[in-house]
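Here is the file start.csv (CSV, C-alpha atoms).
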```
chain,number,residue,atom,x,y,z
A,1,MET,CA,-23.1,157.1,1.0
A,2,THR,CA,-23.5,160.2,-1.2
A,3,GLN,CA,-24.3,159.5,-4.8
A,4,SER,CA,-22.6,161.5,-7.5
A,5,GLY,CA,-22.2,161.7,-11.2
A,6,ASN,CA,-23.9,159.6,-13.9
A,7,GLY,CA,-21.9,156.5,-13.4
A,8,PRO,CA,-18.3,155.4,-12.6
A,9,LEU,CA,-17.1,156.2,-16.2
A,10,SER,CA,-18.3,159.9,-16.0
A,11,GLY,CA,-15.6,161.9,-17.8
A,12,VAL,CA,-14.5,159.1,-20.1
A,13,ARG,CA,-14.9,159.9,-23.8
A,14,VAL,CA,-15.8,157.2,-26.3
A,15,VAL,CA,-16.0,157.3,-30.1
A,16,GLU,CA,-18.2,154.6,-31.6
A,17,LEU,CA,-18.0,154.0,-35.3
A,18,ALA,CA,-21.5,153.0,-36.1
A,19,GLY,CA,-22.2,149.3,-36.8
A,20,ILE,CA,-24.7,146.6,-35.8
A,21,GLY,CA,-24.9,144.1,-33.0
A,22,PRO,CA,-22.2,143.7,-30.4
A,23,GLY,CA,-20.3,146.9,-31.0
A,24,PRO,CA,-23.3,149.2,-30.3
A,25,PHE,CA,-24.3,147.1,-27.3
A,26,ALA,CA,-20.8,147.4,-25.8
A,27,ALA,CA,-20.8,151.2,-26.4
A,28,MET,CA,-24.3,151.3,-24.8
A,29,LEU,CA,-22.9,149.6,-21.7
A,30,LEU,CA,-20.1,152.1,-21.5
A,31,ALA,CA,-22.6,154.9,-21.9
A,32,ASP,CA,-24.9,153.4,-19.2
A,33,LEU,CA,-21.8,153.5,-16.9
A,34,GLY,CA,-21.5,157.2,-17.5
A,35,ALA,CA,-19.1,157.5,-20.4
A,36,ASP,CA,-19.7,160.3,-23.0
A,37,VAL,CA,-20.3,158.1,-26.1
A,38,VAL,CA,-20.4,159.8,-29.5
A,39,ARG,CA,-21.7,157.5,-32.2
A,40,VAL,CA,-20.4,158.3,-35.6
A,41,ASP,CA,-23.2,157.5,-38.0
A,42,ARG,CA,-22.9,157.2,-41.7
A,43,PRO,CA,-25.2,158.7,-44.3
A,44,GLY,CA,-27.8,156.1,-45.1
A,45,GLY,CA,-27.6,154.4,-41.7
A,46,ALA,CA,-25.9,151.3,-40.4
A,47,GLY,CA,-28.3,148.8,-41.8
A,48,LEU,CA,-30.1,147.5,-38.7
A,49,GLY,CA,-33.5,148.3,-40.2
A,50,ILE,CA,-35.4,149.5,-37.2
A,51,ASP,CA,-36.6,152.9,-36.2
A,52,PRO,CA,-33.6,154.7,-34.5
A,53,ALA,CA,-36.0,156.0,-31.9
A,54,SER,CA,-36.6,152.5,-30.7
A,55,ASP,CA,-33.0,151.2,-30.8
A,56,ILE,CA,-32.3,150.9,-27.1
A,57,THR,CA,-28.6,150.0,-27.8
A,58,ASN,CA,-28.1,153.6,-28.8
A,59,ARG,CA,-29.5,155.1,-25.5
A,60,ASN,CA,-27.3,157.5,-23.5
A,61,LYS,CA,-25.3,158.3,-26.6
A,62,ARG,CA,-25.0,161.3,-28.9
A,63,SER,CA,-24.8,161.0,-32.7
A,64,VAL,CA,-22.9,162.8,-35.3
A,65,LEU,CA,-23.2,162.2,-39.1
A,66,VAL,CA,-19.9,161.7,-40.9
A,67,ASP,CA,-19.2,160.4,-44.4
A,68,LEU,CA,-16.0,158.4,-44.1
A,69,LYS,CA,-15.9,158.1,-47.9
A,70,GLN,CA,-14.9,161.8,-47.9
A,71,PRO,CA,-11.5,163.2,-46.8
A,72,THR,CA,-13.3,165.7,-44.5
A,73,GLY,CA,-15.1,162.8,-42.8
A,74,VAL,CA,-11.8,161.0,-42.1
A,75,ALA,CA,-10.3,164.2,-40.7
A,76,GLN,CA,-13.4,164.7,-38.4
A,77,VAL,CA,-13.1,161.2,-37.0
A,78,LEU,CA,-9.4,161.6,-36.3
A,79,ASP,CA,-10.1,164.9,-34.6
A,80,LEU,CA,-12.6,163.0,-32.3
A,81,ALA,CA,-10.1,160.2,-31.7
A,82,GLU,CA,-7.5,162.8,-30.6
A,83,ARG,CA,-9.9,163.9,-27.8
A,84,ALA,CA,-11.2,160.5,-26.9
A,85,ASP,CA,-10.1,157.9,-24.4
A,86,VAL,CA,-11.7,155.0,-26.3
A,87,LEU,CA,-12.6,154.3,-29.9
A,88,ILE,CA,-14.8,151.3,-30.9
A,89,GLU,CA,-15.2,149.9,-34.4
A,90,GLY,CA,-16.8,146.7,-35.7
A,91,TYR,CA,-15.8,146.5,-39.3
A,92,ARG,CA,-14.3,143.5,-41.0
A,93,PRO,CA,-10.5,143.4,-40.6
A,94,GLY,CA,-8.8,145.9,-42.9
A,95,VAL,CA,-11.8,148.1,-43.5
A,96,ALA,CA,-10.9,150.8,-40.9
A,97,GLU,CA,-7.4,150.9,-42.3
A,98,ARG,CA,-8.8,151.4,-45.9
A,99,LEU,CA,-11.0,154.1,-44.7
A,100,GLY,CA,-8.1,155.9,-43.0
A,101,VAL,CA,-9.3,155.5,-39.4
A,102,GLY,CA,-7.4,152.4,-38.4
A,103,PRO,CA,-5.3,152.1,-35.2
A,104,GLU,CA,-2.1,153.6,-36.7
A,105,PRO,CA,-3.4,157.1,-37.6
A,106,CYS,CA,-5.6,157.2,-34.5
A,107,LEU,CA,-2.8,156.2,-32.1
A,108,ALA,CA,-0.5,158.6,-33.9
A,109,ARG,CA,-2.9,161.4,-33.0
A,110,ASN,CA,-3.6,160.1,-29.5
A,111,PRO,CA,-1.0,157.7,-28.1
A,112,ARG,CA,-3.1,157.0,-25.0
A,113,LEU,CA,-6.2,155.9,-27.0
A,114,VAL,CA,-7.7,152.5,-26.4
A,115,TYR,CA,-8.7,151.2,-29.8
A,116,GLY,CA,-11.4,148.5,-29.4
A,117,ARG,CA,-12.0,146.2,-32.3
A,118,MET,CA,-15.2,144.0,-32.3
A,119,THR,CA,-15.4,141.1,-34.8
A,120,GLY,CA,-16.7,137.6,-34.9
A,121,TRP,CA,-13.7,135.7,-36.2
A,122,GLY,CA,-10.9,138.1,-34.9
A,123,GLN,CA,-8.3,140.2,-36.7
A,124,GLU,CA,-6.4,137.2,-38.0
A,125,GLY,CA,-7.0,133.5,-38.9
A,126,PRO,CA,-8.3,131.7,-41.9
A,127,LEU,CA,-11.9,133.0,-41.4
A,128,SER,CA,-11.1,136.6,-40.4
A,129,GLY,CA,-12.0,138.0,-43.8
A,130,THR,CA,-15.3,136.2,-44.2
A,131,ALA,CA,-18.8,137.2,-43.2
A,132,GLY,CA,-20.4,135.6,-40.2
A,133,HIS,CA,-23.1,135.8,-37.5
A,134,ASP,CA,-23.6,134.7,-33.9
A,135,ILE,CA,-24.8,131.2,-34.8
A,136,GLY,CA,-21.6,130.4,-36.7
A,137,TYR,CA,-19.3,131.8,-34.0
A,138,ILE,CA,-20.9,129.8,-31.2
A,139,ALA,CA,-21.0,126.7,-33.4
A,140,ILE,CA,-17.3,126.3,-33.9
A,141,THR,CA,-16.5,127.0,-30.3
A,142,GLY,CA,-18.5,124.0,-29.1
A,143,ALA,CA,-21.0,126.2,-27.2
A,144,LEU,CA,-23.9,125.7,-29.5
A,145,GLY,CA,-23.4,122.0,-29.6
A,146,MET,CA,-24.1,121.9,-25.8
A,147,ILE,CA,-27.5,123.4,-26.0
A,148,GLY,CA,-30.7,121.5,-26.8
A,149,PRO,CA,-32.3,118.1,-26.5
A,150,PRO,CA,-30.3,114.9,-27.1
A,151,ASP,CA,-32.6,113.8,-29.8
A,152,GLY,CA,-32.9,117.0,-31.8
A,153,PRO,CA,-30.9,119.9,-33.3
A,154,PRO,CA,-29.1,122.4,-31.0
A,155,ALA,CA,-31.3,125.1,-29.6
A,156,ILE,CA,-30.5,128.6,-30.8
A,157,PRO,CA,-30.1,131.1,-27.9
A,158,ALA,CA,-31.0,134.1,-30.0
A,159,ASN,CA,-27.8,136.1,-30.3
A,160,LEU,CA,-27.2,136.5,-26.6
A,161,LEU,CA,-24.4,133.9,-26.2
A,162,GLY,CA,-22.1,135.0,-29.0
A,163,ASP,CA,-22.7,138.6,-29.9
A,164,TYR,CA,-23.4,139.9,-26.4
A,165,ALA,CA,-21.8,137.6,-23.9
A,166,GLY,CA,-18.8,136.4,-25.9
A,167,GLY,CA,-18.5,139.6,-27.8
A,168,SER,CA,-19.8,142.8,-26.2
A,169,LEU,CA,-19.0,142.0,-22.6
A,170,TYR,CA,-15.4,140.9,-23.5
A,171,LEU,CA,-14.9,144.0,-25.5
A,172,VAL,CA,-15.9,146.1,-22.5
A,173,ILE,CA,-13.7,144.1,-20.2
A,174,GLY,CA,-10.8,144.6,-22.6
A,175,VAL,CA,-11.4,148.3,-23.1
A,176,LEU,CA,-11.6,149.0,-19.4
A,177,ALA,CA,-8.5,147.0,-18.6
A,178,ALA,CA,-6.6,148.8,-21.4
A,179,LEU,CA,-7.9,152.1,-20.2
A,180,GLN,CA,-6.5,151.4,-16.8
A,181,HIS,CA,-3.1,150.6,-18.3
A,182,ALA,CA,-3.2,153.8,-20.5
A,183,ARG,CA,-3.7,155.9,-17.4
A,184,ILE,CA,-1.0,154.6,-15.2
A,185,GLU,CA,2.5,156.3,-15.2
A,186,GLY,CA,4.3,155.2,-18.3
A,187,GLY,CA,1.2,153.6,-19.7
A,188,ALA,CA,0.1,153.9,-23.3
A,189,GLY,CA,-2.9,153.2,-25.5
A,190,GLN,CA,-3.2,149.9,-27.4
A,191,VAL,CA,-5.5,147.8,-29.6
A,192,VAL,CA,-8.1,145.5,-28.1
A,193,ASP,CA,-8.9,142.6,-30.4
A,194,ALA,CA,-12.3,141.3,-29.1
A,195,ALA,CA,-13.3,138.3,-31.2
A,196,ILE,CA,-16.7,136.6,-30.5
A,197,VAL,CA,-15.1,133.2,-31.0
A,198,ASP,CA,-12.5,133.9,-28.3
A,199,GLY,CA,-15.0,135.3,-25.8
A,200,THR,CA,-17.4,132.4,-26.3
A,201,ALA,CA,-14.7,129.8,-26.0
A,202,HIS,CA,-13.6,131.5,-22.8
A,203,LEU,CA,-17.1,131.2,-21.4
A,204,THR,CA,-16.9,127.4,-21.6
A,205,ALA,CA,-13.9,127.2,-19.3
A,206,MET,CA,-15.7,125.5,-16.5
A,207,ILE,CA,-17.3,123.0,-18.8
A,208,HIS,CA,-13.9,122.1,-20.3
A,209,GLY,CA,-12.6,121.5,-16.7
A,210,MET,CA,-15.5,119.2,-16.0
A,211,LEU,CA,-14.9,117.5,-19.3
A,212,ALA,CA,-11.3,116.9,-18.4
A,213,ALA,CA,-12.2,115.6,-15.0
A,214,GLY,CA,-14.8,113.1,-16.4
A,215,GLY,CA,-17.7,115.1,-15.0
A,216,TRP,CA,-19.2,116.1,-18.3
A,217,GLN,CA,-20.1,114.1,-21.4
A,218,ASP,CA,-19.4,115.7,-24.8
A,219,ARG,CA,-22.9,115.4,-26.0
A,220,ARG,CA,-26.2,117.3,-25.4
A,221,GLY,CA,-28.8,116.5,-22.8
A,222,ALA,CA,-26.6,114.1,-20.8
A,223,ASN,CA,-25.2,116.4,-18.1
A,224,LEU,CA,-26.0,118.2,-14.9
A,225,LEU,CA,-26.6,121.6,-16.4
A,226,ASP,CA,-27.9,120.8,-19.9
A,227,GLY,CA,-31.2,119.2,-19.1
A,228,GLY,CA,-29.7,115.7,-18.7
A,229,THR,CA,-31.0,115.4,-15.1
A,230,PRO,CA,-34.8,115.4,-14.4
A,231,PHE,CA,-34.4,118.1,-11.7
A,232,TYR,CA,-32.8,120.7,-14.0
A,233,GLY,CA,-34.9,121.6,-16.9
A,234,ALA,CA,-38.2,123.1,-18.1
A,235,TYR,CA,-41.6,121.5,-17.8
A,236,GLU,CA,-44.9,122.3,-19.6
A,237,THR,CA,-47.9,123.3,-17.5
A,238,ALA,CA,-51.7,122.8,-18.1
A,239,ASP,CA,-52.1,126.0,-20.0
A,240,GLY,CA,-49.1,125.5,-22.3
A,241,GLY,CA,-46.7,127.6,-20.2
A,242,TYR,CA,-43.4,126.3,-18.7
A,243,MET,CA,-41.8,126.2,-15.3
A,244,ALA,CA,-38.0,126.2,-15.0
A,245,VAL,CA,-36.6,123.8,-12.4
A,246,GLY,CA,-33.1,124.1,-11.0
A,247,ALA,CA,-33.3,121.9,-7.9
A,248,LEU,CA,-29.7,120.7,-8.0
A,249,GLU,CA,-28.8,120.4,-4.3
A,250,GLN,CA,-30.4,117.7,-2.2
A,251,ARG,CA,-32.1,120.1,0.2
A,252,PHE,CA,-33.6,122.2,-2.6
A,253,TYR,CA,-34.7,119.0,-4.4
A,254,ALA,CA,-36.5,117.8,-1.3
A,255,GLU,CA,-38.4,121.1,-1.1
A,256,PHE,CA,-39.2,120.8,-4.8
A,257,ILE,CA,-40.7,117.4,-4.8
A,258,ARG,CA,-42.6,118.2,-1.5
A,259,LEU,CA,-44.2,121.2,-3.0
A,260,LEU,CA,-44.8,119.4,-6.3
A,261,GLY,CA,-46.7,116.8,-4.3
A,262,ILE,CA,-44.8,113.7,-5.4
A,263,ALA,CA,-42.4,113.1,-2.6
A,264,ASP,CA,-43.9,109.8,-1.7
A,265,GLU,CA,-44.5,108.6,-5.3
A,266,VAL,CA,-41.1,108.8,-7.0
A,267,PRO,CA,-37.9,106.9,-6.9
A,268,SER,CA,-34.7,108.3,-5.3
A,269,ARG,CA,-32.9,110.9,-7.4
A,270,ASP,CA,-29.7,108.9,-6.7
A,271,ASP,CA,-31.0,106.0,-8.7
A,272,LEU,CA,-29.8,107.0,-12.2
A,273,ALA,CA,-31.5,104.0,-13.8
A,274,ALA,CA,-34.9,105.5,-12.6
A,275,TRP,CA,-34.3,109.0,-13.9
A,276,GLU,CA,-36.7,108.6,-16.9
A,277,GLN,CA,-39.4,107.4,-14.5
A,278,LEU,CA,-38.7,110.4,-12.3
A,279,ARG,CA,-38.8,112.8,-15.3
A,280,THR,CA,-42.1,111.3,-16.4
A,281,ALA,CA,-43.6,111.8,-13.0
A,282,ILE,CA,-42.5,115.4,-12.7
A,283,ALA,CA,-43.8,116.2,-16.2
A,284,ALA,CA,-47.1,114.6,-15.5
A,285,ARG,CA,-47.6,116.5,-12.2
A,286,PHE,CA,-46.7,119.9,-13.8
A,287,ARG,CA,-49.4,119.3,-16.5
A,288,THR,CA,-52.1,119.2,-13.8
A,289,ARG,CA,-52.0,123.0,-13.1
A,290,THR,CA,-51.4,126.2,-15.0
A,291,ARG,CA,-48.1,128.2,-14.9
A,292,ASP,CA,-49.6,130.8,-12.7
A,293,GLU,CA,-50.9,128.2,-10.2
A,294,TRP,CA,-47.5,126.6,-10.0
A,295,THR,CA,-45.9,130.0,-9.6
A,296,THR,CA,-48.0,130.5,-6.5
A,297,VAL,CA,-47.1,127.1,-5.1
A,298,PHE,CA,-43.4,127.7,-5.4
A,299,GLN,CA,-43.4,131.4,-4.5
A,300,ASN,CA,-40.8,132.4,-1.9
A,301,SER,CA,-39.6,128.8,-1.5
A,302,ASP,CA,-36.1,127.3,-1.8
A,303,ALA,CA,-37.3,124.8,-4.4
A,304,CYS,CA,-35.5,126.8,-7.2
A,305,VAL,CA,-38.5,126.8,-9.5
A,306,ALA,CA,-39.5,129.8,-11.6
A,307,PRO,CA,-42.0,130.6,-14.3
A,308,VAL,CA,-40.7,130.9,-17.9
A,309,LEU,CA,-41.8,134.4,-18.8
A,310,SER,CA,-41.9,136.2,-22.2
A,311,LEU,CA,-40.0,139.4,-22.9
A,312,ARG,CA,-43.2,141.4,-22.4
A,313,GLU,CA,-44.1,139.6,-19.2
A,314,ALA,CA,-40.7,139.9,-17.5
A,315,PRO,CA,-40.8,143.6,-16.4
A,316,ALA,CA,-44.0,142.9,-14.4
A,317,HIS,CA,-42.5,140.1,-12.3
A,318,PRO,CA,-42.7,141.2,-8.7
A,319,HIS,CA,-39.0,140.7,-7.9
A,320,LEU,CA,-37.8,142.5,-11.0
A,321,ALA,CA,-40.3,145.3,-10.5
A,322,ALA,CA,-39.2,145.7,-6.9
A,323,ARG,CA,-35.6,146.0,-7.9
A,324,GLY,CA,-36.3,148.2,-10.9
A,325,THR,CA,-34.6,145.7,-13.2
A,326,PHE,CA,-36.5,147.3,-16.0
A,327,THR,CA,-37.2,151.0,-16.5
A,328,GLU,CA,-39.3,153.2,-18.8
A,329,HIS,CA,-37.7,156.1,-20.5
A,330,ALA,CA,-38.9,158.2,-23.5
A,331,GLY,CA,-41.9,155.8,-23.8
A,332,LEU,CA,-39.7,152.7,-24.1
A,333,THR,CA,-39.7,149.8,-21.5
A,334,GLN,CA,-36.1,148.6,-21.3
A,335,PRO,CA,-33.6,146.9,-19.1
A,336,ALA,CA,-32.1,149.3,-16.6
A,337,PRO,CA,-28.3,149.9,-16.5
A,338,ALA,CA,-26.4,147.1,-14.8
A,339,PRO,CA,-24.5,146.3,-12.7
A,340,ARG,CA,-25.3,148.7,-9.8
A,341,PHE,CA,-23.0,151.1,-7.9
A,342,SER,CA,-23.5,152.5,-4.5
A,343,ALA,CA,-21.8,155.9,-5.1
A,344,THR,CA,-21.9,156.4,-8.8
A,345,PRO,CA,-25.1,154.7,-10.2
A,346,GLY,CA,-25.7,154.5,-13.9
A,347,THR,CA,-28.9,155.9,-15.3
A,348,VAL,CA,-30.8,156.1,-18.5
A,349,ARG,CA,-30.1,159.8,-19.3
A,350,ARG,CA,-30.9,160.1,-22.9
A,351,PRO,CA,-33.3,158.3,-25.4
A,352,PRO,CA,-31.8,156.4,-28.4
A,353,ALA,CA,-29.6,158.8,-30.4
A,354,ARG,CA,-31.0,159.9,-33.7
A,355,PRO,CA,-28.4,159.8,-36.5
A,356,GLY,CA,-26.7,163.2,-36.8
A,357,ALA,CA,-29.0,164.9,-34.2
A,358,ASP,CA,-26.2,166.0,-31.9
A,359,THR,CA,-23.5,167.1,-34.3
A,360,GLU,CA,-23.4,170.8,-33.3
A,361,GLU,CA,-23.6,169.9,-29.6
A,362,VAL,CA,-20.7,167.5,-29.8
A,363,ALA,CA,-18.6,169.9,-32.0
A,364,ARG,CA,-18.9,172.4,-29.2
A,365,ASP,CA,-18.4,170.1,-26.2
A,366,TRP,CA,-15.5,168.2,-27.7
A,367,ARG,CA,-14.0,171.4,-29.3
A,368,VAL,CA,-14.0,169.9,-32.7
A,369,PRO,CA,-15.4,172.8,-34.8
A,370,GLY,CA,-14.6,171.0,-38.1
A,371,LEU,CA,-17.2,168.4,-37.1
A,372,ALA,CA,-20.0,170.7,-38.1
A,373,ALA,CA,-18.5,171.4,-41.5
A,374,PRO,CA,-20.2,169.8,-44.5
A,375,ALA,CA,-18.4,166.9,-46.1
A,376,ASP,CA,-16.5,167.3,-49.4
A,377,GLY,CA,-18.7,166.8,-52.4
A,378,PRO,CA,-22.0,165.0,-52.6
A,379,ARG,CA,-22.7,162.5,-49.9
A,380,ARG,CA,-22.8,158.8,-50.9
A,381,THR,CA,-24.3,155.9,-49.0
A,382,GLU,CA,-21.6,153.6,-47.7
A,383,ARG,CA,-21.9,149.9,-48.4
A,384,LYS,CA,-22.4,148.1,-45.2
A,385,GLU,CA,-19.0,147.0,-43.9
A,386,ALA,CA,-19.9,146.0,-40.4
A,387,ALA,CA,-20.5,142.3,-40.8
A,388,HIS,CA,-18.7,141.4,-37.5
```
Re-express the file's structure as structure tokens.
Amino acid sequence: MTQSGNGPLSGVRVVELAGIGPGPFAAMLLADLGADVVRVDRPGGAGLGIDPASDITNRNKRSVLVDLKQPTGVAQVLDLAERADVLIEGYRPGVAERLGVGPEPCLARNPRLVYGRMTGWGQEGPLSGTAGHDIGYIAITGALGMIGPPDGPPAIPANLLGDYAGGSLYLVIGVLAALQHARIEGGAGQVVDAAIVDGTAHLTAMIHGMLAAGGWQDRRGANLLDGGTPFYGAYETADGGYMAVGALEQRFYAEFIRLLGIADEVPSRDDLAAWEQLRTAIAARFRTRTRDEWTTVFQNSDACVAPVLSLREAPAHPHLAARGTFTEHAGLTQPAPAPRFSATPGTVRRPPARPGADTEEVARDWRVPGLAAPADGPRRTERKEAAH
């Protein structure tokens, strides 16, 4: 099949009002899929605190510098919104309205605009006006309470579960669905309210079903997929590494204990009363060899066992290397665009955008000459308003 374009969203224009966390990641995903994403950076930066040249979430984007505290800056953003298909913002509720770039003026200029709003608590509700971060969002949805050992505190999954799975990905799904609606006959733009609490709760749908059916206990470390079983968990090796075991099905479990070398020494996995004995035997056996040695033992088997790798180790894993799951661009090793498309593959086309570096180029390409005009009066650094 002939490949063409830079991704299936080639030709789609996106305005991203600079923020931190899930909003930029969602915009990066749209950019990876081929969208022309223009990031509207503010004087003084968005507050992430890392070198913009290393901020991979801003790859494949272009940046313009706009001071939304000035009338000229507001006019510039509205001009961009008029020519865009999508706008994404991650301010607290009401901030975009106070700045003059909320849904009402943007949709008045462009009735087919998809206006995506990324927050933690959502646009309404008792907590909507308060600050928050990933850990709090996943805490109240029940997701955090599922993760970790039964005799210890919940394990914190970085900010992957809330910010990016429950937040960014749901914003992208919502934006793409709304974009489809806007483009049909009689369709119109609309506001997409993507709240991390909503998305994270949605991710637990299967678990709620199991809970209702009596197949899940409402406590940590007591269930099929949370480490409650001895054949689904992580075990330490002789060198302090870990192996991840996911031998759920009987045929995979049989392969697992055979390769582990304990098939004739352990009780049946169907004997729940003997699970601690089984867990102890598995743990003791794993501690007899290093992580790399066990990796060799289980390599290319159906035992469902894998080494637990660090972030720096992961790109060198043979399977990921063969697939090109990671790539290097502009001196940065980074995850490659995902998912994959046979006819319109996404690519890493540009390094992370530098604040304001593309203002003149975007002004020309989007036909917004006023974008290159200086803001009214002295520039002021805007107080950070982008706390999800």
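Considering all atoms listed in the file, the residue among A:Ala316, A:Val74, A:Leu169, A:Ala247 positioned nearest to Phe25 in chain A is A:Leu169.
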### Query
So which residues touch Ala254 in chain A within 12 Å, counting all atoms listed in the file, skipping near sequence neighbours fewer than 5 positions away, as a list in words?
Phe231, Ala247, Leu248, Glu249, Leu259, Leu260, Gly261, Ile262, Ala263, Asp264, Val266, Ser268, Arg269, Ser301, Asp302, Ala303 and Cys304 of chain A
### Distance query range 280-289 of chain A at most 12 Å, all atoms listed in the file, self and fewer than 5 positions along chain excluded, as number ranges by chain
A: 229-245, 253, 256-267, 269, 274-275, 294-298, 305, 307
### Message
I need the residue nearest Ile138 in chain A from this list: A:Thr200, A:Ser168, A:Gln123, A:Thr290. Use all atoms listed in the file for the distance.
### Response
A:Thr200
## Note on the structure
Thr327 in chain A proximity check over A:Ala81, A:Gly19, A:Thr130, A:Ile56, using all atoms listed in the file: winner is A:Ile56
#### Entry: All residues 9 Å or closer to Tyr137 in chain A, all atoms listed in the file, same chain fewer than 4 positions away omitted, as JSON, numbers by chain
{"A": [120, 121, 132, 133, 141, 143, 144, 162, 163, 196, 197, 200]}
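Counting from CA of Ser63 in chain A, the distance to CA of Arg367 in chain A is 15.4 Å.
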### Task
Name the residues in contact with Val172 in chain A at a cut-off of 9 Å, using only C-alpha atoms, excluding same-chain residues fewer than 2 positions from it; report them as a PyMOL selection string.
chain A and resi 26-27+29-30+116+167-170+174-177+194
### Summary
Counting only C-alpha atoms, closest pick from A:Trp366, A:Leu272, A:Thr344, A:Leu309 relative to Asp36 in chain A is A:Trp366
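Remark: for Asp79 in chain A, the closest of the candidate residues A:Gly102, A:Arg109, A:Glu185, A:Val95 is A:Arg109 (distances computed over only C-alpha atoms).
The nearest approach to Leu80 in chain A among the residues A:Ala35, A:Arg13, A:Tyr164, A:Phe252, with all atoms listed in the file taken into account, belongs to A:Arg13.
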### Residues within 10 Å of Pro153 in chain A, all atoms listed in the file, excluding chain neighbours under 5 positions, as JSON, numbers by chain
{"A": [144, 145, 147, 148, 220]}
### Coordinates-based distance that separates CA of Ile88 in chain A from CA of Tyr115 in chain A (Å, one decimal)
6.2 Å
Reconstructed N, CA and C atoms for range 322-339 of chain A, given as a PDB file, in the frame of the given file:
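Full text of result-v7.pdb as output:
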```pdb
ATOM      1  N   ALA A 322     -39.707 145.177  -8.126  1.00  0.00           N
ATOM      2  CA  ALA A 322     -39.200 145.700  -6.900  1.00  0.00           C
ATOM      3  C   ALA A 322     -37.803 146.248  -6.963  1.00  0.00           C
ATOM      4  N   ARG A 323     -36.979 145.563  -7.737  1.00  0.00           N
ATOM      5  CA  ARG A 323     -35.600 146.000  -7.900  1.00  0.00           C
ATOM      6  C   ARG A 323     -35.410 147.067  -8.954  1.00  0.00           C
ATOM      7  N   GLY A 324     -36.432 147.291  -9.774  1.00  0.00           N
ATOM      8  CA  GLY A 324     -36.300 148.200 -10.900  1.00  0.00           C
ATOM      9  C   GLY A 324     -35.342 147.674 -11.939  1.00  0.00           C
ATOM     10  N   THR A 325     -35.405 146.378 -12.179  1.00  0.00           N
ATOM     11  CA  THR A 325     -34.600 145.700 -13.200  1.00  0.00           C
ATOM     12  C   THR A 325     -34.874 146.265 -14.580  1.00  0.00           C
ATOM     13  N   PHE A 326     -36.130 146.622 -14.789  1.00  0.00           N
ATOM     14  CA  PHE A 326     -36.500 147.300 -16.000  1.00  0.00           C
ATOM     15  C   PHE A 326     -36.972 148.700 -15.689  1.00  0.00           C
ATOM     16  N   THR A 327     -36.840 149.572 -16.677  1.00  0.00           N
ATOM     17  CA  THR A 327     -37.200 151.000 -16.500  1.00  0.00           C
ATOM     18  C   THR A 327     -37.941 151.449 -17.717  1.00  0.00           C
ATOM     19  N   GLU A 328     -38.612 152.565 -17.612  1.00  0.00           N
ATOM     20  CA  GLU A 328     -39.300 153.200 -18.800  1.00  0.00           C
ATOM     21  C   GLU A 328     -38.670 154.565 -18.971  1.00  0.00           C
ATOM     22  N   HIS A 329     -38.272 154.835 -20.208  1.00  0.00           N
ATOM     23  CA  HIS A 329     -37.700 156.100 -20.500  1.00  0.00           C
ATOM     24  C   HIS A 329     -38.076 156.489 -21.946  1.00  0.00           C
ATOM     25  N   ALA A 330     -38.529 157.690 -22.133  1.00  0.00           N
ATOM     26  CA  ALA A 330     -38.900 158.200 -23.500  1.00  0.00           C
ATOM     27  C   ALA A 330     -39.952 157.233 -24.108  1.00  0.00           C
ATOM     28  N   GLY A 331     -40.827 156.652 -23.282  1.00  0.00           N
ATOM     29  CA  GLY A 331     -41.900 155.800 -23.800  1.00  0.00           C
ATOM     30  C   GLY A 331     -41.451 154.370 -24.094  1.00  0.00           C
ATOM     31  N   LEU A 332     -40.201 154.010 -23.786  1.00  0.00           N
ATOM     32  CA  LEU A 332     -39.700 152.700 -24.100  1.00  0.00           C
ATOM     33  C   LEU A 332     -39.440 151.913 -22.771  1.00  0.00           C
ATOM     34  N   THR A 333     -40.046 150.738 -22.639  1.00  0.00           N
ATOM     35  CA  THR A 333     -39.700 149.800 -21.500  1.00  0.00           C
ATOM     36  C   THR A 333     -38.432 149.121 -21.898  1.00  0.00           C
ATOM     37  N   GLN A 334     -37.450 149.128 -21.003  1.00  0.00           N
ATOM     38  CA  GLN A 334     -36.100 148.600 -21.300  1.00  0.00           C
ATOM     39  C   GLN A 334     -35.390 148.160 -20.086  1.00  0.00           C
ATOM     40  N   PRO A 335     -34.387 147.281 -20.250  1.00  0.00           N
ATOM     41  CA  PRO A 335     -33.600 146.900 -19.100  1.00  0.00           C
ATOM     42  C   PRO A 335     -32.862 148.108 -18.519  1.00  0.00           C
ATOM     43  N   ALA A 336     -32.837 148.204 -17.216  1.00  0.00           N
ATOM     44  CA  ALA A 336     -32.100 149.300 -16.600  1.00  0.00           C
ATOM     45  C   ALA A 336     -30.609 149.028 -16.626  1.00  0.00           C
ATOM     46  N   PRO A 337     -29.791 150.064 -16.473  1.00  0.00           N
ATOM     47  CA  PRO A 337     -28.300 149.900 -16.500  1.00  0.00           C
ATOM     48  C   PRO A 337     -27.909 148.847 -15.415  1.00  0.00           C
ATOM     49  N   ALA A 338     -26.915 148.054 -15.740  1.00  0.00           N
ATOM     50  CA  ALA A 338     -26.400 147.100 -14.800  1.00  0.00           C
ATOM     51  C   ALA A 338     -24.857 146.960 -15.071  1.00  0.00           C
ATOM     52  N   PRO A 339     -24.066 146.596 -14.043  1.00  0.00           N
ATOM     53  CA  PRO A 339     -24.500 146.300 -12.700  1.00  0.00           C
ATOM     54  C   PRO A 339     -24.716 147.658 -11.913  1.00  0.00           C
TER      55      PRO A 339
END
```
